[in-house]
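Chemist: Input: one structure, supplied below.
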Amino acid sequence: MDFLTSSDFWFLSLTSLAKTIFLIFLVVLPMVSYTVYAERRVSALIQDRVGPNRTGFPTSLIPGFTKDFSPFLGGLGQPVADAVKFLLKEDFVPGHVNKLYFWLAPCLAMMPAIVTLAAIPFGSEFLGVKMVVADINVGLLFMFAISSVSVYGIVLAGWSSNSKYPFLGGIRSTSQMISYELCMGLSAVPVLLVCGSTGLSSIVNYQVREGWLLAPFTNGGLSFREIALWVPIIIAFITFTISMFAETNRLPFDLPESETELVAGYHTEYSSMKFALFFLGEYTAMIAGSALIVVLFLGGWHLPFIPDGAGQGGLNFLHAIPSWIWGLVNITAFFAKVAVLLLVFIWIRWTLPRFRYDQLMKLGWLYLFEIALVNIFLTAGILAFTK
Amino acid sequence: MSPILFYLFAAMTLVFAVAVVANRNPVASALSLVVSFLGLAALFVGLDAYFIAVIQVLVYAGAVMVLFLFIIMLLNIQAEERRKINVPAYAAGGLVTVAFIAQLWFVLQKFELGKTAFAPLAEKHVDDVRNVGNTLFSTHNLPFQVIGVLILVATIGVVVLSKRELK
């Protein structure tokens with residue numbers, strides 16, 4: 001029990017708490033609401049519309065102000081208005097549902113997405129504290145494991161609604177997630193082979209030393225080995241990203257909720273905040289997925305020539321600036337990369353049409369699965385021959 | 001792991017394991033089994049065996065049980081009806097349980113090593129993924145490959161059986 005009273009314990013608990021609060025409430029949840037906003041603005045841009053550009057922050061409610069505060073593009077207050085709308089709408093529970101599971105499902109859809117964030121190293125070090133909530137040596141497997149649990153939320157929502165469209169949506173999503181989980185796991189294996197670890201922090205550290213996996217020249221040089229490994233890594237990146245789209249139920253793979261066939265899929269019977277939890281879960285999973293892609297392929301928090309939070313690496317003259325600033329720069333770099341990937345997610349959603357269900361299964365099992373499997377052998381071969 | 005957490009997760013594992021049998025609704029049973037698996041995974045974490053814990057969640061909670069649930073829902077199995085108590089079956093089940101517990105008791109009595117406390121592991125963070133891999137591919141290579149062949153046979157069997165059903 002002496003661990004409980006030691007100063008180590010208090011330091012660990014307080015920093016973990018601070019990191020969790022920072023990550024979830026200051027970064028990810030605001031990011032979710034602004035991703036929704038970005039989604040609406042970008043889709044409007046793509047479809048030659050205007051999109052939500054009016055809602056500002058209601059500063060006119062405060063005495064002394066006459067105008068609402070609406071900076072930059074306009075409409076930046078939209079997420080706040082949306083959140084208020086979700087909370088104030090009538091929370092209608094249809095009579096034919098299975099109450100317990102109907103209540104449980106939205107929570108199960110939201111929680112795993114948030115829990116996966118725990119293993120993500122979102123920065124190097126800040127004031128001597130490692131910027132990852134749980135630095136476990138099986139970080140990648142942990143993320144796969146927890147995100148595989150998130151399917152229960154969708155399945156239960158479909159089943160407990162006791163009506164046919166949600167049920168079909170739930171069934172579709174189960175088989176889709178099981179199929180694409182395999183591809184996703186297999187396409188991450190080449191990364192593990194190259195980095196020699198399943199810990200996400202070690203994978204980032206490898207990329208800081210040897211250059212980002214997808215851009216191995218970022219450490220200033222290209223060896224023959226790196227050029228040879230580039231091929232399987234690019235293949236892995238593509239298969240991983242496609243599987244990620246399917247895992248997060250995003251278009252072109254959003255068949256569980258395809259509105260032309262299934263009304264709204266598994267959340268047809270949900271309203272108000274319960275619906276919002278599915279929505280939040282989907283976008284949080286999207287952010288967690290993008291963060292995982294950044295960690296595995298795009299160097300995590302690393303930027304070339306920029307030192308890390310402990311003042312190591314990077315260009316020498318930059319070491320004159322205090323290292324906590326670099327810690328902040330690393331965190332910003334990480335979330336900037338995630339934001340770019342989120343924009344790609346949105347861009348693809350509004351560009352590609354939806355797959356047919358049999359096409360989706362065929363793509364997963366007959367192409368991606370095999371490609372990912374062969375890719376592992378390719379990577380292992382290259383690693384063995386270029387030792 | 002602090003004893004409080006151990007008892008919490010052990011209780012969670014056991015209570016939900018009982019709920020699997022006690023529940024009449026097959027979906028509730030399946031979900032109870034998932035929670036029981038999660039409790040077991042937490043117990044593994046308490047032993048610093050992160051790899052086993054994560055695999056427990058990934059394979060059992062995340063894949064096997066999802067398939068179970070999938071089948072239960074597809075076949076639309078309704079709540080099991082109460083059957084009459086089959087006395088001989090209950091008696092036999094009770095006998096097996098008692099025999100098993102008695103056996104455990106006698107073995108544990110003679111197991112001297114179990115009464116001593118193990119020395120703590122030298123390193124705080126063991127790279128268990130590497131260790132498991134090394135053990136599998138060196139000392140247990142043959143059994144590992146035999147299992148591989150078995151799984152391959154099972155896969156081929158599944159393909160053959162499901163093809164036949166299509167005709």
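If you're wondering about the labels, chains in the structure tokens are A, B, ... by order shown, residues count from 1 in each chain, ligands from 1 in order shown.
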Which residues of chain B have any atom within 9 Å of an atom in chain A when counting only C-alpha atoms, and what is the closest pair of atoms for each, with the distance in Å to one decimal? Order the rows by chain and rising number and write it as a Markdown table.
Modeler:
| residue | atom | partner | partner_atom | distance |
| --- | --- | --- | --- | --- |
| B:Ser2 | CA | A:Met1 | CA | 7.8 |
| B:Leu31 | CA | A:Tyr152 | CA | 8.9 |
| B:Tyr50 | CA | A:Val138 | CA | 6.8 |
| B:Phe51 | CA | A:Val138 | CA | 6.4 |
| B:Val54 | CA | A:Phe142 | CA | 5.7 |
| B:Ile55 | CA | A:Ala145 | CA | 7.3 |
| B:Gln56 | CA | A:Ala145 | CA | 8.5 |
| B:Val57 | CA | A:Ala145 | CA | 5.7 |
| B:Leu58 | CA | A:Ala145 | CA | 4.1 |
| B:Val59 | CA | A:Ala145 | CA | 7.9 |
| B:Ala61 | CA | A:Val149 | CA | 6.7 |
| B:Gly62 | CA | A:Ser148 | CA | 4.8 |
| B:Ala63 | CA | A:Ile178 | CA | 6.9 |
| B:Val66 | CA | A:Thr174 | CA | 7.3 |
| B:Leu67 | CA | A:Thr174 | CA | 8.2 |
| B:Leu69 | CA | A:Val155 | CA | 8.4 |
| B:Phe70 | CA | A:Ile171 | CA | 6.9 |
| B:Met73 | CA | A:Trp159 | CA | 7.4 |
| B:Leu74 | CA | A:Ile171 | CA | 7.9 |
| B:His125 | CA | A:Asn137 | CA | 8.4 |
| B:Val126 | CA | A:Asn137 | CA | 8.8 |
| B:Asp127 | CA | A:Asn137 | CA | 7.0 |
| B:Asp128 | CA | A:Asn137 | CA | 8.3 |
| B:Val129 | CA | A:Val138 | CA | 7.6 |
| B:Arg130 | CA | A:Ser197 | CA | 8.3 |
Chemist: Contacts of region 328-336 of chain A at 9 Å or less, counting only C-alpha atoms, minus same-chain residues fewer than 3 places along, as a VMD selection string?
Modeler: chain A and resid 27 122 to 126 131 291 294 to 295 299 to 303 306 to 309 323 to 325 339 to 341
Chemist: May I have the residues from that selection written out with C-alpha atoms, as a PDB file, in the first residue's frame?
Modeler:
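Resulting contents of out.pdb:
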ATOM      1  CA  VAL A  27      -9.313  18.907 -27.729  1.00  0.00           C
ATOM      2  CA  PHE A 122      -0.511  13.081 -28.850  1.00  0.00           C
ATOM      3  CA  GLY A 123       2.708  14.920 -28.048  1.00  0.00           C
ATOM      4  CA  SER A 124       6.296  14.291 -27.014  1.00  0.00           C
ATOM      5  CA  GLU A 125       6.814  15.757 -23.558  1.00  0.00           C
ATOM      6  CA  PHE A 126       5.491  18.833 -21.889  1.00  0.00           C
ATOM      7  CA  MET A 131       1.919  13.346 -23.529  1.00  0.00           C
ATOM      8  CA  ALA A 291      -4.887   9.846 -34.879  1.00  0.00           C
ATOM      9  CA  VAL A 294      -0.941   9.779 -37.966  1.00  0.00           C
ATOM     10  CA  VAL A 295       0.849   7.717 -35.312  1.00  0.00           C
ATOM     11  CA  GLY A 299       5.336  10.386 -37.707  1.00  0.00           C
ATOM     12  CA  GLY A 300       2.964  11.178 -34.842  1.00  0.00           C
ATOM     13  CA  TRP A 301       3.830  14.501 -33.203  1.00  0.00           C
ATOM     14  CA  HIS A 302       7.139  14.803 -35.038  1.00  0.00           C
ATOM     15  CA  LEU A 303       7.968  17.618 -37.421  1.00  0.00           C
ATOM     16  CA  ILE A 306      11.798  20.701 -34.747  1.00  0.00           C
ATOM     17  CA  PRO A 307      13.117  19.442 -31.390  1.00  0.00           C
ATOM     18  CA  ASP A 308      10.905  17.430 -29.061  1.00  0.00           C
ATOM     19  CA  GLY A 309       9.563  18.541 -25.695  1.00  0.00           C
ATOM     20  CA  SER A 323      11.770  23.167 -24.560  1.00  0.00           C
ATOM     21  CA  TRP A 324       8.186  23.504 -23.237  1.00  0.00           C
ATOM     22  CA  ILE A 325       7.425  25.652 -26.286  1.00  0.00           C
ATOM     23  CA  ALA A 339      -7.242  17.783 -38.787  1.00  0.00           C
ATOM     24  CA  VAL A 340      -5.811  17.394 -42.291  1.00  0.00           C
ATOM     25  CA  LEU A 341      -6.809  13.712 -42.299  1.00  0.00           C
TER      26      LEU A 341
END
Chemist: What is the CA of Trp230 (chain A)-CA of Leu214 (chain A) distance in Å, reported with one decimal?
Modeler: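 CA of Leu214 (chain A) lies 7.0 Å from CA of Trp230 (chain A).
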Chemist: Determine which residues of region 58-307 of chain A receive a DSSP assignment of helix (DSSP H, G or I), computed from the backbone, and state them as JSON, numbers by chain.
Modeler: {"A": [59, 60, 61, 78, 79, 80, 81, 82, 83, 84, 85, 86, 87, 88, 99, 100, 101, 102, 103, 104, 105, 106, 107, 108, 109, 110, 111, 112, 113, 114, 115, 116, 117, 118, 119, 139, 140, 141, 142, 143, 144, 145, 146, 147, 148, 149, 151, 152, 153, 154, 155, 156, 157, 158, 159, 160, 164, 165, 166, 167, 168, 169, 170, 171, 172, 173, 174, 175, 176, 177, 178, 179, 180, 181, 182, 183, 184, 185, 186, 187, 188, 189, 190, 191, 192, 193, 194, 195, 200, 201, 202, 203, 204, 205, 206, 207, 208, 209, 210, 216, 217, 218, 219, 224, 225, 226, 227, 228, 229, 230, 231, 232, 233, 234, 235, 236, 237, 238, 239, 240, 241, 242, 243, 244, 245, 246, 247, 255, 256, 257, 259, 260, 261, 262, 265, 266, 267, 272, 273, 274, 275, 276, 277, 278, 279, 280, 281, 282, 283, 284, 285, 286, 287, 288, 289, 290, 291, 292, 293, 294, 295, 296, 297]}
Chemist: What is the CA of Val42 (chain A) to CA of Phe22 (chain A) distance in Å?
Modeler: 27.3 Å
